[in-house]
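Accompanying notes for the structure given below.
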Amino acid sequence: MTRKRLIIEMGMGVDQHGQEPTVAAARAVRNAIAHNALPGVWEVAGLSHPNEMIVEVQVAVPYPEQVRVEEVLAVLPFGQKSISVEDGGMVVQGRAIAELDDKNDEMLIAVAAVTVFVSQ
């Protein structure tokens, strides 16, 4: 069977407080898929269940080695999921607030691309 791309969705996520790259990455993936419906999975590609989709996530975020990939992939409701995390995104200086458990004044910004493939 041949894999064919059905859709590529892009998103951005920010962790303003807490300095957690996992939070920024998960928000970027959630943003990428937030306003999509994929009727083509059934009507065009002929899949019988959404878990037959192949979903590949690529995330660029500061401190990629700290990303808990299982938490990021958990944002996706269906599919055979995989993820690639790489160094990127942005670090922006914000304001540390002790009550929000900030470690420093960094805000982390992540970008994500979510690609859905089908096998035909």
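Letters A, B, ... go to the chains of the structure tokens in the order shown; residues in each chain start at 1; ligands are counted from 1 in the same order.
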
Open item on the list: I'd like the neighbourhood of segment 22-29 of chain A as a ChimeraX atom specification, where a residue qualifies if any of its atoms comes within 6 Å (using only C-alpha atoms), though same-chain residues fewer than 2 positions away should be ignored.
Closed with: /A:11-15,20,31-32,67-68,72,109-112

TODO: Name the residues of segment 6-77 of chain A that fall into helix (DSSP H, G or I) according to DSSP on the backbone, using the chain letters and numbers of this document, as a list in words.
DONE: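 Selecting the helix (DSSP H, G or I) positions of segment 6-77 of chain A gives Pro21, Thr22, Val23, Ala24, Ala25, Ala26, Arg27, Ala28, Val29, Arg30, Asn31, Ala32, Ile33, Gly40, Val41, Trp42, Glu43, Pro50, Asn51, Glu52, Pro64, Glu65, Gln66, Val69, Glu70, Glu71, Val72 and Leu73 of chain A.
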
Output the selection as a PDB file, in the first residue's frame - C-alpha atoms for each residue.
ATOM      1  CA  PRO A  21       8.037  23.113  26.456  1.00  0.00           C
ATOM      2  CA  THR A  22       5.556  20.201  26.622  1.00  0.00           C
ATOM      3  CA  VAL A  23       2.732  22.644  27.337  1.00  0.00           C
ATOM      4  CA  ALA A  24       3.708  24.885  24.423  1.00  0.00           C
ATOM      5  CA  ALA A  25       4.068  21.882  22.080  1.00  0.00           C
ATOM      6  CA  ALA A  26       0.712  20.377  23.098  1.00  0.00           C
ATOM      7  CA  ARG A  27      -0.998  23.737  22.604  1.00  0.00           C
ATOM      8  CA  ALA A  28       0.563  24.042  19.131  1.00  0.00           C
ATOM      9  CA  VAL A  29      -0.793  20.621  18.134  1.00  0.00           C
ATOM     10  CA  ARG A  30      -4.206  21.412  19.636  1.00  0.00           C
ATOM     11  CA  ASN A  31      -4.236  24.698  17.712  1.00  0.00           C
ATOM     12  CA  ALA A  32      -3.369  22.877  14.484  1.00  0.00           C
ATOM     13  CA  ILE A  33      -6.336  20.503  14.746  1.00  0.00           C
ATOM     14  CA  GLY A  40     -12.631  12.959   3.409  1.00  0.00           C
ATOM     15  CA  VAL A  41     -11.194  10.196   5.570  1.00  0.00           C
ATOM     16  CA  TRP A  42     -14.440   8.273   4.977  1.00  0.00           C
ATOM     17  CA  GLU A  43     -15.923   9.853   1.872  1.00  0.00           C
ATOM     18  CA  PRO A  50     -10.367   7.246  12.185  1.00  0.00           C
ATOM     19  CA  ASN A  51      -7.685   5.133  13.879  1.00  0.00           C
ATOM     20  CA  GLU A  52      -6.729   3.930  10.392  1.00  0.00           C
ATOM     21  CA  PRO A  64      13.053  19.961  22.784  1.00  0.00           C
ATOM     22  CA  GLU A  65      14.813  17.426  24.999  1.00  0.00           C
ATOM     23  CA  GLN A  66      12.375  18.321  27.803  1.00  0.00           C
ATOM     24  CA  VAL A  69       6.055  13.268  23.748  1.00  0.00           C
ATOM     25  CA  GLU A  70       3.262  11.058  25.128  1.00  0.00           C
ATOM     26  CA  GLU A  71       1.495  14.150  26.488  1.00  0.00           C
ATOM     27  CA  VAL A  72       1.748  15.948  23.162  1.00  0.00           C
ATOM     28  CA  LEU A  73       0.453  12.951  21.191  1.00  0.00           C
TER      29      LEU A  73
END

Among chain A, which residues carry a DSSP assignment of strand (DSSP E or B), reported as a compact mmCIF listing (two decimals) with C-alpha atoms, in the first residue's frame?
# COMPACT_ATOMS: atom_id res chain seq x y z
CA ARG A 3 0.79 6.34 1.87
CA LYS A 4 -0.85 9.51 0.58
CA ARG A 5 -1.07 12.85 2.35
CA LEU A 6 -4.61 13.95 2.97
CA ILE A 7 -4.07 17.16 4.93
CA ILE A 8 -1.37 19.23 6.65
CA GLU A 9 -2.45 21.40 9.56
CA MET A 10 -0.27 24.04 11.23
CA GLY A 11 -0.50 25.56 14.68
CA MET A 12 1.23 27.63 17.32
CA GLY A 13 1.24 27.25 21.11
CA VAL A 14 2.59 29.31 23.97
CA ASP A 15 3.45 28.60 27.59
CA ILE A 54 -1.55 7.82 9.98
CA VAL A 55 -0.86 11.04 11.87
CA GLU A 56 2.66 12.48 11.93
CA VAL A 57 3.44 15.46 14.14
CA GLN A 58 6.44 17.71 13.74
CA VAL A 59 7.03 20.23 16.53
CA ALA A 60 9.71 22.89 16.84
CA VAL A 61 10.09 24.20 20.38
CA GLN A 80 -1.56 5.86 14.30
CA LYS A 81 0.51 8.63 15.85
CA SER A 82 4.17 9.55 15.69
CA ILE A 83 6.10 12.68 16.59
CA SER A 84 9.33 14.43 15.73
CA VAL A 85 10.47 17.15 18.14
CA GLU A 86 13.18 19.56 17.09
CA ASP A 87 14.84 22.70 18.35
CA MET A 90 10.95 31.12 20.23
CA VAL A 91 11.85 32.24 23.70
CA VAL A 92 10.36 35.62 24.57
CA GLN A 93 11.08 37.52 27.74
CA GLU A 106 10.77 33.10 29.69
CA MET A 107 7.67 32.52 27.57
CA LEU A 108 8.03 29.52 25.25
CA ILE A 109 6.50 29.44 21.76
CA ALA A 110 6.17 26.24 19.75
CA VAL A 111 5.07 25.64 16.16
CA ALA A 112 3.61 22.39 14.89
CA ALA A 113 2.68 20.70 11.64
CA VAL A 114 0.26 17.77 11.79
CA THR A 115 0.14 15.63 8.64
CA VAL A 116 -2.58 13.06 8.06
CA PHE A 117 -1.80 10.21 5.69
CA VAL A 118 -4.00 7.41 4.40
CA SER A 119 -2.87 4.09 2.95

Task: Proximity to Val75 of chain A - best of A:Met53, A:Met1, A:Ala45, A:Ala34, only C-alpha atoms - done: A:Ala34

Open item on the list: Report, in Å with one decimal, the straight-line distance from atom CA of Pro77 of chain A to atom CA of Leu100 of chain A.
Closed with: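 Straight-line distance from atom CA of Pro77 of chain A to atom CA of Leu100 of chain A works out to 29.2 Å.
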
Task: One-decimal distance in Å that lies between atom CA of His35 of chain A and atom CA of His49 of chain A - done: 19.8 Å
